file upload_26.cif (mmCIF, C-alpha atoms)
data_upload
loop_
_atom_site.label_atom_id
_atom_site.label_comp_id
_atom_site.auth_asym_id
_atom_site.auth_seq_id
_atom_site.Cartn_x
_atom_site.Cartn_y
_atom_site.Cartn_z
CA MET K 1 10.40 -12.97 -32.96
CA ILE K 2 13.09 -10.41 -33.88
CA MET K 3 10.43 -8.07 -35.29
CA GLN K 4 8.26 -8.33 -32.19
CA ALA K 5 11.29 -7.81 -29.97
CA LEU K 6 12.19 -4.69 -31.97
CA ALA K 7 8.61 -3.43 -31.66
CA VAL K 8 8.51 -3.90 -27.88
CA GLY K 9 11.98 -2.36 -27.50
CA LEU K 10 10.78 0.63 -29.51
CA ALA K 11 7.61 0.80 -27.38
CA CYS K 12 9.72 0.88 -24.18
CA ALA K 13 11.90 3.69 -25.55
CA LEU K 14 8.88 5.66 -26.87
CA VAL K 15 6.98 5.34 -23.60
CA LYS K 16 9.99 6.47 -21.57
CA PHE K 17 10.63 9.32 -24.00
CA GLY K 18 7.07 10.61 -23.66
CA ALA K 19 7.15 10.19 -19.89
CA TRP K 20 10.22 12.31 -19.58
CA TRP K 21 10.12 14.86 -22.43
CA GLY K 22 7.66 17.41 -21.09
CA ALA K 23 6.08 14.81 -18.78
CA MET K 24 3.40 13.91 -21.33
CA GLY K 25 2.29 10.89 -19.35
CA TRP K 26 3.01 8.27 -22.02
CA ASP K 27 4.05 5.95 -19.22
CA ARG K 28 0.49 5.71 -17.90
CA PRO K 29 -0.42 2.02 -18.54
CA MET K 30 -3.43 3.09 -20.62
CA VAL K 31 -1.13 4.91 -23.08
CA ALA K 32 1.93 2.62 -22.77
CA SER K 33 -0.12 -0.47 -23.46
CA THR K 34 -1.92 1.13 -26.42
CA ILE K 35 1.41 2.19 -27.96
CA THR K 36 2.71 -1.36 -27.55
CA GLY K 37 -0.47 -2.79 -29.04
CA ILE K 38 -0.22 -0.53 -32.09
CA LEU K 39 3.44 -1.42 -32.67
CA LEU K 40 2.69 -5.14 -32.37
CA GLY K 41 -0.23 -4.79 -34.80
CA HIS K 42 -2.98 -5.43 -32.23
CA PRO K 43 -4.27 -1.97 -31.23
CA VAL K 44 -7.57 -3.26 -29.80
CA GLU K 45 -5.91 -5.80 -27.50
CA GLY K 46 -3.45 -3.10 -26.48
CA MET K 47 -6.24 -0.80 -25.39
CA THR K 48 -8.16 -3.57 -23.60
CA VAL K 49 -5.13 -4.66 -21.60
CA GLY K 50 -4.23 -1.00 -21.05
CA ALA K 51 -7.59 -0.28 -19.46
CA ALA K 52 -7.21 -3.29 -17.14
CA LEU K 53 -3.67 -2.26 -16.17
CA GLU K 54 -4.59 1.40 -15.67
CA LEU K 55 -7.03 0.31 -12.96
CA VAL K 56 -4.29 -1.63 -11.19
CA TYR K 57 -1.77 1.22 -11.26
CA MET K 58 -4.35 3.97 -10.79
CA GLY K 59 -3.13 4.97 -7.34
CA THR K 60 0.55 4.81 -8.23
CA GLN K 61 1.99 8.24 -8.89
CA SER K 62 5.52 9.41 -9.30
CA MET K 63 5.98 12.34 -6.95
CA GLY K 64 9.06 14.47 -6.47
CA GLY K 65 11.32 12.06 -8.34
CA VAL K 66 10.18 9.02 -6.34
CA LEU K 67 8.97 6.15 -8.52
CA PRO K 68 7.28 3.53 -6.33
CA GLN K 69 6.48 1.23 -9.26
CA ASP K 70 7.44 1.59 -12.91
CA TYR K 71 3.92 1.47 -14.33
CA GLY K 72 5.28 2.38 -17.78
CA LEU K 73 7.30 -0.84 -18.11
CA GLY K 74 4.46 -2.70 -16.42
CA GLY K 75 2.11 -1.42 -19.12
CA VAL K 76 4.39 -2.35 -22.01
CA PHE K 77 5.20 -5.87 -20.79
CA GLY K 78 1.68 -6.64 -19.60
CA CYS K 79 0.44 -5.84 -23.10
CA ALA K 80 3.33 -7.56 -24.89
CA PHE K 81 2.81 -10.86 -23.09
CA ALA K 82 -0.95 -10.69 -23.49
CA ILE K 83 -0.46 -10.45 -27.26
CA LEU K 84 2.68 -12.57 -27.84
CA ALA K 85 1.98 -15.33 -25.32
CA THR K 86 -1.78 -15.03 -25.90
CA ALA K 87 -2.31 -14.70 -22.18
CA LYS K 88 -5.66 -13.64 -20.76
CA PRO K 89 -5.81 -10.02 -19.48
CA SER K 90 -5.87 -11.31 -15.88
CA VAL K 91 -2.60 -13.17 -16.48
CA ALA K 92 -1.18 -10.12 -18.24
CA VAL K 93 -1.91 -8.07 -15.12
CA ALA K 94 -0.12 -10.61 -12.94
CA LEU K 95 2.88 -10.70 -15.33
CA SER K 96 3.13 -6.91 -15.46
CA ILE K 97 3.67 -6.50 -11.70
CA PRO K 98 7.19 -8.04 -11.49
CA PHE K 99 8.28 -5.92 -14.47
CA SER K 100 7.07 -2.75 -12.77
CA MET K 101 9.15 -3.71 -9.70
CA LEU K 102 12.20 -4.48 -11.84
CA GLY K 103 11.66 -1.11 -13.54
CA THR K 104 12.04 0.73 -10.23
CA LEU K 105 15.38 -0.99 -9.64
CA ILE K 106 16.64 -0.12 -13.13
CA TYR K 107 15.45 3.48 -12.80
CA ASP K 108 17.30 3.85 -9.49
CA LEU K 109 20.49 2.49 -11.05
CA PHE K 110 20.17 4.94 -13.94
CA LYS K 111 19.53 7.82 -11.53
CA PHE K 112 22.62 6.81 -9.57
CA TRP K 113 24.71 7.26 -12.72
CA ALA K 114 22.86 10.42 -13.85
CA THR K 115 23.41 12.08 -10.47
CA SER K 116 27.12 11.31 -10.64
CA LEU K 117 27.26 13.37 -13.86
CA ILE K 118 26.11 16.58 -12.12
CA THR K 119 29.64 17.66 -11.14
CA ARG K 120 30.72 17.28 -14.78
CA PHE K 121 27.71 19.33 -15.95
CA GLN K 122 28.62 22.01 -13.42
CA LYS K 123 32.24 22.05 -14.52
CA HIS K 124 31.26 22.53 -18.20
CA LEU K 125 29.05 25.46 -17.22
CA GLU K 126 31.76 27.08 -15.12
CA ASP K 127 34.21 26.72 -18.03
CA HIS K 128 31.58 28.14 -20.44
CA GLN K 129 31.83 24.98 -22.58
CA ILE K 130 28.26 24.86 -23.87
CA GLY K 131 29.17 22.36 -26.61
CA ALA K 132 30.55 19.88 -24.11
CA PHE K 133 27.54 20.45 -21.84
CA LYS K 134 25.13 19.66 -24.68
CA ARG K 135 27.11 16.56 -25.73
CA LEU K 136 26.97 15.24 -22.17
CA TRP K 137 23.26 15.92 -22.02
CA PHE K 138 22.64 14.04 -25.28
CA THR K 139 24.82 11.16 -24.05
CA GLN K 140 22.65 10.93 -20.96
CA ALA K 141 19.43 10.98 -23.00
CA THR K 142 20.79 8.38 -25.44
CA VAL K 143 21.83 6.02 -22.64
CA TYR K 144 18.39 6.46 -21.02
CA LEU K 145 16.47 5.60 -24.20
CA THR K 146 18.86 2.86 -25.40
CA MET K 147 18.74 1.23 -22.00
CA TYR K 148 14.94 0.94 -22.12
CA PHE K 149 15.02 -0.18 -25.75
CA LEU K 150 17.40 -3.02 -24.83
CA ILE K 151 15.28 -4.04 -21.84
CA GLY K 152 12.29 -4.46 -24.15
CA PHE K 153 14.25 -6.08 -26.98
CA ILE K 154 16.18 -8.62 -24.90
CA SER K 155 13.28 -9.56 -22.61
CA ILE K 156 11.02 -10.36 -25.56
CA LEU K 157 13.73 -12.07 -27.62
CA LEU K 158 14.83 -14.38 -24.82
CA GLY K 159 11.79 -14.45 -22.56
CA THR K 160 8.70 -14.90 -24.70
CA ASN K 161 9.05 -18.67 -25.17
CA ALA K 162 9.64 -19.14 -21.48
CA ILE K 163 6.62 -16.99 -20.63
CA LYS K 164 4.54 -18.82 -23.26
CA ALA K 165 5.52 -22.18 -21.77
CA LEU K 166 4.75 -20.84 -18.31
CA VAL K 167 1.31 -19.54 -19.34
CA ASN K 168 0.44 -22.81 -21.09
CA ASN K 169 1.54 -24.97 -18.17
CA ILE K 170 -0.02 -23.09 -15.28
CA PRO K 171 -2.25 -25.60 -13.43
CA THR K 172 -5.95 -24.74 -13.48
CA ALA K 173 -6.05 -24.09 -9.75
CA VAL K 174 -3.19 -21.58 -9.94
CA MET K 175 -4.77 -20.00 -13.02
CA SER K 176 -8.06 -19.46 -11.18
CA SER K 177 -6.21 -17.98 -8.20
CA LEU K 178 -4.35 -15.63 -10.53
CA THR K 179 -7.63 -14.56 -12.10
CA VAL K 180 -9.11 -13.86 -8.68
CA ALA K 181 -6.01 -11.97 -7.57
CA ALA K 182 -5.98 -9.93 -10.78
CA GLY K 183 -9.62 -9.11 -10.14
CA MET K 184 -8.74 -7.72 -6.72
CA LEU K 185 -5.77 -5.62 -7.88
CA PRO K 186 -7.98 -2.88 -9.39
CA ALA K 187 -9.62 -2.52 -5.97
CA LEU K 188 -6.17 -2.01 -4.48
CA GLY K 189 -5.33 0.55 -7.19
CA MET K 190 -8.58 2.37 -6.51
CA ALA K 191 -7.94 2.29 -2.76
CA LEU K 192 -4.46 3.77 -3.22
CA LEU K 193 -5.95 6.51 -5.37
CA MET K 194 -8.60 7.19 -2.74
CA ILE K 195 -5.93 7.82 -0.10
CA THR K 196 -4.89 10.94 -1.98
CA LEU K 197 -8.20 11.85 -3.61
CA TRP K 198 -11.04 11.01 -1.25
CA ASP K 199 -13.15 13.90 -0.03
CA LYS K 200 -16.82 14.72 0.49
CA LYS K 201 -17.15 16.64 -2.77
CA LEU K 202 -15.70 13.84 -4.92
CA ALA K 203 -17.34 10.89 -3.15
CA PRO K 204 -20.60 11.06 -5.16
CA TYR K 205 -18.70 10.46 -8.42
CA PHE K 206 -17.21 7.33 -6.92
CA PHE K 207 -20.64 6.01 -5.99
CA ILE K 208 -22.13 6.94 -9.38
CA GLY K 209 -19.42 4.84 -11.04
CA PHE K 210 -19.91 1.99 -8.59
CA GLY K 211 -23.69 2.10 -9.06
CA LEU K 212 -23.41 2.00 -12.84
CA VAL K 213 -21.41 -1.22 -12.63
CA ALA K 214 -23.25 -2.84 -9.75
CA PHE K 215 -26.86 -2.09 -10.74
CA PHE K 216 -26.77 -1.52 -14.48
CA LYS K 217 -23.96 -3.96 -15.36
CA GLY K 218 -22.08 -1.21 -17.19
CA THR K 219 -18.80 -1.96 -18.95
CA LEU K 220 -15.71 0.24 -18.71
CA ILE K 221 -16.49 1.84 -22.10
CA GLU K 222 -20.04 2.80 -21.06
CA ILE K 223 -18.86 4.21 -17.75
CA ALA K 224 -16.01 6.13 -19.36
CA PHE K 225 -18.54 7.63 -21.81
CA LEU K 226 -20.86 8.82 -19.04
CA GLY K 227 -17.87 9.85 -16.91
CA ALA K 228 -16.62 12.12 -19.68
CA ALA K 229 -20.03 13.80 -19.91
CA ILE K 230 -20.15 14.30 -16.12
CA ALA K 231 -16.61 15.73 -16.18
CA VAL K 232 -17.65 18.31 -18.79
CA LEU K 233 -20.71 19.25 -16.70
CA ALA K 234 -18.54 19.70 -13.61
CA ILE K 235 -16.02 21.85 -15.44
CA ILE K 236 -18.70 24.08 -16.99
CA GLY K 237 -20.13 24.56 -13.49
CA GLN K 238 -16.74 25.49 -12.07
CA LEU K 239 -15.99 27.95 -14.87
CA THR K 240 -19.33 29.69 -14.35
CA ASN K 241 -18.72 29.93 -10.58
CA HIS K 242 -15.25 31.23 -11.24
CA LYS K 243 -16.64 34.11 -13.32
CA THR K 244 -19.28 35.11 -10.74
CA ASP K 245 -16.67 34.84 -7.96
CA LYS K 246 -14.48 37.28 -9.81
CA VAL K 247 -17.32 39.80 -10.11
CA ALA K 248 -18.20 39.31 -6.43
CA ALA K 249 -14.60 39.72 -5.34
CA THR K 250 -14.26 43.10 -7.03
CA THR K 251 -17.52 44.48 -5.61
CA GLU K 252 -17.00 43.15 -2.06
CA ASP K 253 -15.05 45.66 0.05
CA ALA K 254 -11.70 44.27 1.11
CA THR K 255 -12.07 44.85 4.85
CA THR K 256 -11.75 41.19 5.85
CA SER K 257 -8.13 41.09 6.95
CA GLU K 258 -5.77 38.16 6.55
CA GLU K 259 -6.17 37.32 10.25
CA GLU K 260 -9.98 37.08 10.03
CA ASP K 261 -9.68 34.93 6.93
CA PHE K 262 -7.30 32.60 8.77
CA TYR K 263 -9.77 31.78 11.54
CA ASN K 264 -12.95 31.74 9.40
CA ASP K 265 -13.96 28.71 7.42
CA MET H 266 -3.34 22.56 16.57
CA ILE H 267 -0.19 22.37 14.50
CA LYS H 268 -0.10 18.86 13.06
CA MET H 269 3.39 19.20 11.62
CA LEU H 270 6.22 21.60 11.00
CA ARG H 271 8.09 20.58 7.88
CA ILE H 272 11.40 21.95 6.68
CA ASP H 273 11.40 21.84 2.92
CA ASP H 274 13.45 23.87 0.42
CA ARG H 275 10.66 23.58 -2.11
CA LEU H 276 7.95 24.73 0.35
CA ILE H 277 4.53 23.83 -1.12
CA HIS H 278 4.97 21.13 -3.79
CA GLY H 279 3.51 17.73 -4.67
CA GLN H 280 4.83 15.87 -1.62
CA VAL H 281 3.36 18.56 0.66
CA ALA H 282 0.25 19.65 -1.22
CA VAL H 283 -1.01 16.22 -2.26
CA THR H 284 0.42 13.65 0.14
CA TRP H 285 0.95 15.21 3.55
CA SER H 286 -2.01 17.59 3.53
CA LYS H 287 -4.27 14.59 2.93
CA GLN H 288 -2.46 12.30 5.35
CA LEU H 289 -2.61 14.86 8.18
CA ALA H 290 -6.07 16.12 7.17
CA VAL H 291 -5.07 19.76 7.54
CA ASN H 292 -7.19 22.76 6.55
CA ARG H 293 -4.47 25.44 6.73
CA ILE H 294 -0.96 25.48 5.27
CA ILE H 295 1.29 28.30 6.46
CA VAL H 296 4.60 29.05 4.84
CA VAL H 297 6.59 30.95 7.46
CA SER H 298 9.41 33.11 6.14
CA ASP H 299 10.35 36.75 6.69
CA SER H 300 11.80 37.18 3.20
CA ILE H 301 9.22 35.23 1.15
CA SER H 302 6.26 36.95 2.80
CA GLN H 303 7.61 40.27 1.47
CA ASP H 304 7.81 38.99 -2.11
CA PRO H 305 4.42 39.32 -3.89
CA ILE H 306 5.43 37.03 -6.76
CA GLN H 307 6.46 34.16 -4.48
CA VAL H 308 3.38 34.71 -2.31
CA SER H 309 0.97 34.40 -5.24
CA ALA H 310 2.87 31.39 -6.68
CA LEU H 311 2.74 29.56 -3.33
CA LYS H 312 -0.98 30.30 -2.90
CA MET H 313 -1.59 28.79 -6.34
CA ALA H 314 0.31 25.64 -5.32
CA ALA H 315 -1.98 25.02 -2.35
CA PRO H 316 -4.56 22.26 -2.87
CA GLU H 317 -8.26 23.03 -3.16
CA GLY H 318 -10.15 23.32 0.12
CA ILE H 319 -7.04 24.30 2.08
CA LYS H 320 -6.28 27.94 2.83
CA ALA H 321 -2.64 28.86 2.37
CA PHE H 322 -0.92 31.77 4.10
CA ILE H 323 2.58 33.12 3.69
CA LEU H 324 3.56 34.98 6.87
CA PRO H 325 6.61 36.46 8.58
CA VAL H 326 7.73 34.66 11.76
CA ASP H 327 6.34 37.15 14.31
CA LYS H 328 2.92 37.38 12.70
CA ALA H 329 2.68 33.59 12.29
CA ALA H 330 3.53 33.08 15.98
CA LYS H 331 0.97 35.69 17.04
CA MET H 332 -1.80 34.17 14.91
CA LEU H 333 -1.01 30.59 15.99
CA ASN H 334 -0.91 31.54 19.67
CA ASP H 335 -4.45 32.93 19.39
CA PRO H 336 -6.92 30.53 21.09
CA ARG H 337 -9.06 30.55 17.93
CA ALA H 338 -6.24 28.68 16.15
CA ASP H 339 -6.69 25.64 18.44
CA ARG H 340 -9.53 24.17 16.38
CA LEU H 341 -7.64 24.57 13.07
CA GLN H 342 -5.53 21.77 11.62
CA VAL H 343 -2.33 23.45 10.54
CA LEU H 344 0.70 22.37 8.52
CA LEU H 345 3.70 24.69 8.74
CA VAL H 346 6.28 24.70 5.96
CA MET H 347 9.59 26.54 6.37
CA ASN H 348 12.94 26.67 4.62
CA ASN H 349 15.23 28.34 7.14
CA PRO H 350 16.43 26.62 10.36
CA VAL H 351 17.22 29.97 12.01
CA GLU H 352 13.61 31.06 11.59
CA VAL H 353 12.41 27.61 12.69
CA ALA H 354 14.26 27.97 16.00
CA GLN H 355 12.86 31.49 16.39
CA LEU H 356 9.27 30.40 15.67
CA LEU H 357 9.44 27.38 18.01
CA SER H 358 10.63 29.62 20.87
CA GLU H 359 7.70 31.99 20.26
CA LEU H 360 4.96 29.33 20.00
CA THR H 361 2.99 28.52 23.16
CA THR H 362 1.87 25.13 21.79
CA GLN H 363 4.54 23.18 19.96
CA PRO H 364 3.82 21.34 16.67
CA SER H 365 2.95 17.63 17.09
CA VAL H 366 5.65 16.54 14.64
CA LEU H 367 8.85 18.25 13.53
CA ASP H 368 10.00 16.90 10.19
CA VAL H 369 13.02 17.90 8.15
CA ALA H 370 12.47 16.54 4.64
CA ASN H 371 14.39 18.45 1.97
CA TYR H 372 17.05 20.94 2.98
CA GLY H 373 20.32 22.44 1.78
CA ARG H 374 20.24 21.33 -1.83
CA VAL H 375 18.62 24.41 -3.39
CA ALA H 376 21.10 26.82 -1.78
CA GLY H 377 23.94 24.47 -2.78
CA ILE H 378 25.54 21.53 -0.99
CA GLU H 379 28.99 23.16 -1.07
CA GLY H 380 30.25 23.44 2.51
CA ARG H 381 27.36 21.34 3.85
CA HIS H 382 27.49 17.83 5.35
CA LYS H 383 25.26 15.11 3.97
CA ILE H 384 22.86 14.05 6.72
CA THR H 385 20.51 12.03 4.48
CA ASP H 386 19.92 11.81 0.72
CA THR H 387 17.80 14.96 0.83
CA VAL H 388 19.17 16.86 3.84
CA TYR H 389 22.49 18.74 3.81
CA LEU H 390 23.51 20.92 6.78
CA SER H 391 26.35 23.37 7.38
CA ASP H 392 28.25 23.36 10.70
CA ASP H 393 26.15 26.30 11.92
CA GLU H 394 22.93 24.53 10.98
CA VAL H 395 24.00 21.33 12.76
CA THR H 396 24.51 23.46 15.88
CA ILE H 397 21.02 24.98 15.47
CA PHE H 398 19.42 21.51 15.30
CA LYS H 399 21.42 20.32 18.31
CA THR H 400 20.45 23.43 20.30
CA MET H 401 16.78 22.93 19.41
CA ALA H 402 17.06 19.28 20.55
CA THR H 403 18.41 20.34 23.96
CA LYS H 404 15.31 22.55 24.31
CA GLY H 405 13.08 19.55 23.60
CA SER H 406 12.46 20.09 19.87
CA HIS H 407 13.37 16.71 18.39
CA PHE H 408 13.18 16.48 14.60
CA ILE H 409 12.43 13.42 12.53
CA TYR H 410 13.35 12.70 8.92
CA GLN H 411 10.38 11.44 6.90
CA PRO H 412 9.94 12.86 3.36
CA LEU H 413 6.73 10.93 2.58
CA PRO H 414 4.17 9.23 4.85
CA ASN H 415 5.25 5.76 3.67
CA ASP H 416 8.93 6.41 4.46
CA ALA H 417 10.38 5.04 7.68
CA VAL H 418 10.77 7.60 10.47
CA LYS H 419 14.38 8.39 11.37
CA SER H 420 15.52 10.45 14.34
CA VAL H 421 17.54 13.50 13.29
CA ASP H 422 19.26 13.50 16.71
CA GLU H 423 20.62 10.03 15.91
CA LEU H 424 21.52 10.97 12.34
CA LEU H 425 23.54 13.92 13.64
CA GLU H 426 25.35 11.67 16.12
CA GLY H 427 26.24 9.04 13.50
#
call {"tool": "encode", "arguments": {"input": "upload_26.cif", "output": "structure tokens"}}
result
Amino acid sequence: MIMQALAVGLACALVKFGAWWGAMGWDRPMVASTITGILLGHPVEGMTVGAALELVYMGTQSMGGVLPQDYGLGGVFGCAFAILATAKPSVAVALSIPFSMLGTLIYDLFKFWATSLITRFQKHLEDHQIGAFKRLWFTQATVYLTMYFLIGFISILLGTNAIKALVNNIPTAVMSSLTVAAGMLPALGMALLMITLWDKKLAPYFFIGFGLVAFFKGTLIEIAFLGAAIAVLAIIGQLTNHKTDKVAATTEDATTSEEEDFYND
Amino acid sequence: MIKMLRIDDRLIHGQVAVTWSKQLAVNRIIVVSDSISQDPIQVSALKMAAPEGIKAFILPVDKAAKMLNDPRADRLQVLLVMNNPVEVAQLLSELTTQPSVLDVANYGRVAGIEGRHKITDTVYLSDDEVTIFKTMATKGSHFIYQPLPNDAVKSVDELLEG
């Protein structure tokens, strides 16, 4: 269990590193879960659980420093328990939610400490002590990554047997309810995404995806394949329009004033 | 109509461009500032930050008031974003129709919190600025504090009292 705990701890630290260093999005459940799967030696399960979790957290975005749910930790732990406690993906989804909530709490605590360091950073700059500034910055980064490593390590080391016992002893009725609930969570994720994304121009894509599942019984892989092709088509169309727009803009005389543009659609 | 006037140091950014513009279903975002409207680099950067399908304008206070007071502006759904309380008070006194919501979301941290009082986590005001908000309130312009649509609405009048 030590090895698995090390692997999950490393996954937590890696995911948080890639989420923060250049905002590479490693904390998206799809990526986080795949990383965890690879480190635990089950890349395929990692990806499968990742796809299921991505749907759940699809509408959750971190915006302007506000993290409503820590989908990165949710992704790592959902995957870890699916593999280590051999839980079904639906159970993994249900288990990942409390970890994503706990993650928000931990992140806020860390931010509380990090914010308190700002006056010290400022003082080092005013005193032109670049060495001290850098040391403080590395301390902060080390605490951040170590903290997430320990969360992964300790949770798996101490919690896996408990989770395993829990998964094995869930009564059938509760298990079926969990499966149903986990089936509904992607709809919630999609709905949350739609709040920010829905508009007339994008609606057809939504219905194409829905139709592929509803009428042709498509799986996620098949839909992702067709979705990628449609995305390329859309981008090629936009690039072509962009070029012709540029030509049109230079030939059109610039008499339309800012005021006219404001009132015209 | 003006759906909201938002005071935000960062002007057009994720919270404004993605969340509020969708929530309020606006089709125009106007950044009102005398200094920024004169700076071509900031103007082009702000226009780039505006979401697709929404026209963004960066205007000085007088011109913004004139264009918004035009009857043709009534059918537009407008979001105003500003970063200077003095200009906010000036604009509100020049507008014939007041914005539906006045929201102060992020203020006082970019310029530096030195010499400012903490009103909320993301709003810091100097003594002068507190006076401006209190004066606006006596004229009927009551601000709320609500950074994101899901955040609870707080009355700035009450926050300034407490």
call {"tool": "atom_distance", "arguments": {"input": "upload_26.cif", "atom1": "CA of Leu413 in chain H", "atom2": "CA of Asn292 in chain H"}}
result
18.7 Å
call {"tool": "interface_residues", "arguments": {"input": "upload_26.cif", "of": "chain H", "to": "chain K", "cutoff": "7 Å", "atoms": "only C-alpha atoms", "output": "ChimeraX atom specification"}}
result
/H:279-280,283-284,287,337-338
call {"tool": "atom_distance", "arguments": {"input": "upload_26.cif", "atom1": "CA of Glu54 in chain K", "atom2": "CA of Met101 in chain K"}}
result
15.8 Å
call {"tool": "residues_around", "arguments": {"input": "upload_26.cif", "residues": "range 24-39 of chain K", "least_positions_apart": "5", "cutoff": "8 Å", "atoms": "all atoms listed in the file", "output": "ChimeraX atom specification"}}
result
/K:7-8,11,15-19,44-47,49-51,53-54,57,71-76,78-80,83
call {"tool": "write_last_selection", "arguments": {"input": "upload_26.cif", "atoms": "C-alpha atoms", "output": "PDB file, in the coordinates of the input"}}
result
ATOM      1  CA  ALA K   7       8.610  -3.430 -31.660  1.00  0.00           C
ATOM      2  CA  VAL K   8       8.510  -3.900 -27.880  1.00  0.00           C
ATOM      3  CA  ALA K  11       7.610   0.800 -27.380  1.00  0.00           C
ATOM      4  CA  VAL K  15       6.980   5.340 -23.600  1.00  0.00           C
ATOM      5  CA  LYS K  16       9.990   6.470 -21.570  1.00  0.00           C
ATOM      6  CA  PHE K  17      10.630   9.320 -24.000  1.00  0.00           C
ATOM      7  CA  GLY K  18       7.070  10.610 -23.660  1.00  0.00           C
ATOM      8  CA  ALA K  19       7.150  10.190 -19.890  1.00  0.00           C
ATOM      9  CA  VAL K  44      -7.570  -3.260 -29.800  1.00  0.00           C
ATOM     10  CA  GLU K  45      -5.910  -5.800 -27.500  1.00  0.00           C
ATOM     11  CA  GLY K  46      -3.450  -3.100 -26.480  1.00  0.00           C
ATOM     12  CA  MET K  47      -6.240  -0.800 -25.390  1.00  0.00           C
ATOM     13  CA  VAL K  49      -5.130  -4.660 -21.600  1.00  0.00           C
ATOM     14  CA  GLY K  50      -4.230  -1.000 -21.050  1.00  0.00           C
ATOM     15  CA  ALA K  51      -7.590  -0.280 -19.460  1.00  0.00           C
ATOM     16  CA  LEU K  53      -3.670  -2.260 -16.170  1.00  0.00           C
ATOM     17  CA  GLU K  54      -4.590   1.400 -15.670  1.00  0.00           C
ATOM     18  CA  TYR K  57      -1.770   1.220 -11.260  1.00  0.00           C
ATOM     19  CA  TYR K  71       3.920   1.470 -14.330  1.00  0.00           C
ATOM     20  CA  GLY K  72       5.280   2.380 -17.780  1.00  0.00           C
ATOM     21  CA  LEU K  73       7.300  -0.840 -18.110  1.00  0.00           C
ATOM     22  CA  GLY K  74       4.460  -2.700 -16.420  1.00  0.00           C
ATOM     23  CA  GLY K  75       2.110  -1.420 -19.120  1.00  0.00           C
ATOM     24  CA  VAL K  76       4.390  -2.350 -22.010  1.00  0.00           C
ATOM     25  CA  GLY K  78       1.680  -6.640 -19.600  1.00  0.00           C
ATOM     26  CA  CYS K  79       0.440  -5.840 -23.100  1.00  0.00           C
ATOM     27  CA  ALA K  80       3.330  -7.560 -24.890  1.00  0.00           C
ATOM     28  CA  ILE K  83      -0.460 -10.450 -27.260  1.00  0.00           C
TER      29      ILE K  83
END
call {"tool": "residues_around", "arguments": {"input": "upload_26.cif", "residues": "range 201-214 of chain K", "least_positions_apart": "3", "cutoff": "10 Å", "atoms": "all atoms listed in the file", "output": "VMD selection string"}}
result
chain K and resid 190 194 197 to 198 217 to 220 222 to 224 226 to 227 230 to 231
call {"tool": "closest_residue", "arguments": {"input": "upload_26.cif", "among": "K:Gln69, K:Ser100, K:Thr86, K:Gln61", "to": "Thr160 in chain K", "atoms": "all atoms listed in the file"}}
result
K:Thr86
call {"tool": "residues_around", "arguments": {"input": "upload_26.cif", "residues": "Gln411 in chain H", "least_positions_apart": "6", "cutoff": "12 Å", "atoms": "all atoms listed in the file", "output": "number ranges by chain"}}
result
H: 269-273, 280-281, 285, 366-371, 385-388, 417-421
call {"tool": "resolve_selection", "arguments": {"input": "upload_26.cif", "expression": "the PyMOL selection byres ((chain H and resi 358) around 12)", "output": "ChimeraX atom specification"}}
result
/H:326-327,330,334,351-357,359-364,400-401,404-406
call {"tool": "closest_residue", "arguments": {"input": "upload_26.cif", "among": "H:Ser365, H:Leu424, H:Ala402, H:Glu317", "to": "Tyr389 in chain H", "atoms": "only C-alpha atoms"}}
result
H:Leu424
call {"tool": "resolve_selection", "arguments": {"input": "upload_26.cif", "expression": "the PyMOL selection byres ((chain H and resi 295) around 10)", "output": "PyMOL selection string"}}
result
(chain K and resi 262) or (chain H and resi 270+276-277+293-294+296-298+311-312+315+320-325+329+343-347)
call {"tool": "write_last_selection", "arguments": {"input": "upload_26.cif", "atoms": "C-alpha atoms", "output": "mmCIF file, in the coordinates of the input"}}
result
data_model
loop_
_atom_site.group_PDB
_atom_site.id
_atom_site.type_symbol
_atom_site.label_atom_id
_atom_site.label_comp_id
_atom_site.auth_asym_id
_atom_site.auth_seq_id
_atom_site.Cartn_x
_atom_site.Cartn_y
_atom_site.Cartn_z
ATOM 1 C CA PHE K 262 -7.300 32.600 8.770
ATOM 2 C CA LEU H 270 6.220 21.600 11.000
ATOM 3 C CA LEU H 276 7.950 24.730 0.350
ATOM 4 C CA ILE H 277 4.530 23.830 -1.120
ATOM 5 C CA ARG H 293 -4.470 25.440 6.730
ATOM 6 C CA ILE H 294 -0.960 25.480 5.270
ATOM 7 C CA VAL H 296 4.600 29.050 4.840
ATOM 8 C CA VAL H 297 6.590 30.950 7.460
ATOM 9 C CA SER H 298 9.410 33.110 6.140
ATOM 10 C CA LEU H 311 2.740 29.560 -3.330
ATOM 11 C CA LYS H 312 -0.980 30.300 -2.900
ATOM 12 C CA ALA H 315 -1.980 25.020 -2.350
ATOM 13 C CA LYS H 320 -6.280 27.940 2.830
ATOM 14 C CA ALA H 321 -2.640 28.860 2.370
ATOM 15 C CA PHE H 322 -0.920 31.770 4.100
ATOM 16 C CA ILE H 323 2.580 33.120 3.690
ATOM 17 C CA LEU H 324 3.560 34.980 6.870
ATOM 18 C CA PRO H 325 6.610 36.460 8.580
ATOM 19 C CA ALA H 329 2.680 33.590 12.290
ATOM 20 C CA VAL H 343 -2.330 23.450 10.540
ATOM 21 C CA LEU H 344 0.700 22.370 8.520
ATOM 22 C CA LEU H 345 3.700 24.690 8.740
ATOM 23 C CA VAL H 346 6.280 24.700 5.960
ATOM 24 C CA MET H 347 9.590 26.540 6.370
#
call {"tool": "closest_residue", "arguments": {"input": "upload_26.cif", "among": "K:Ala94, K:Leu145, K:Phe216, K:Thr119", "to": "Ala52 in chain K", "atoms": "only C-alpha atoms"}}
result
K:Ala94
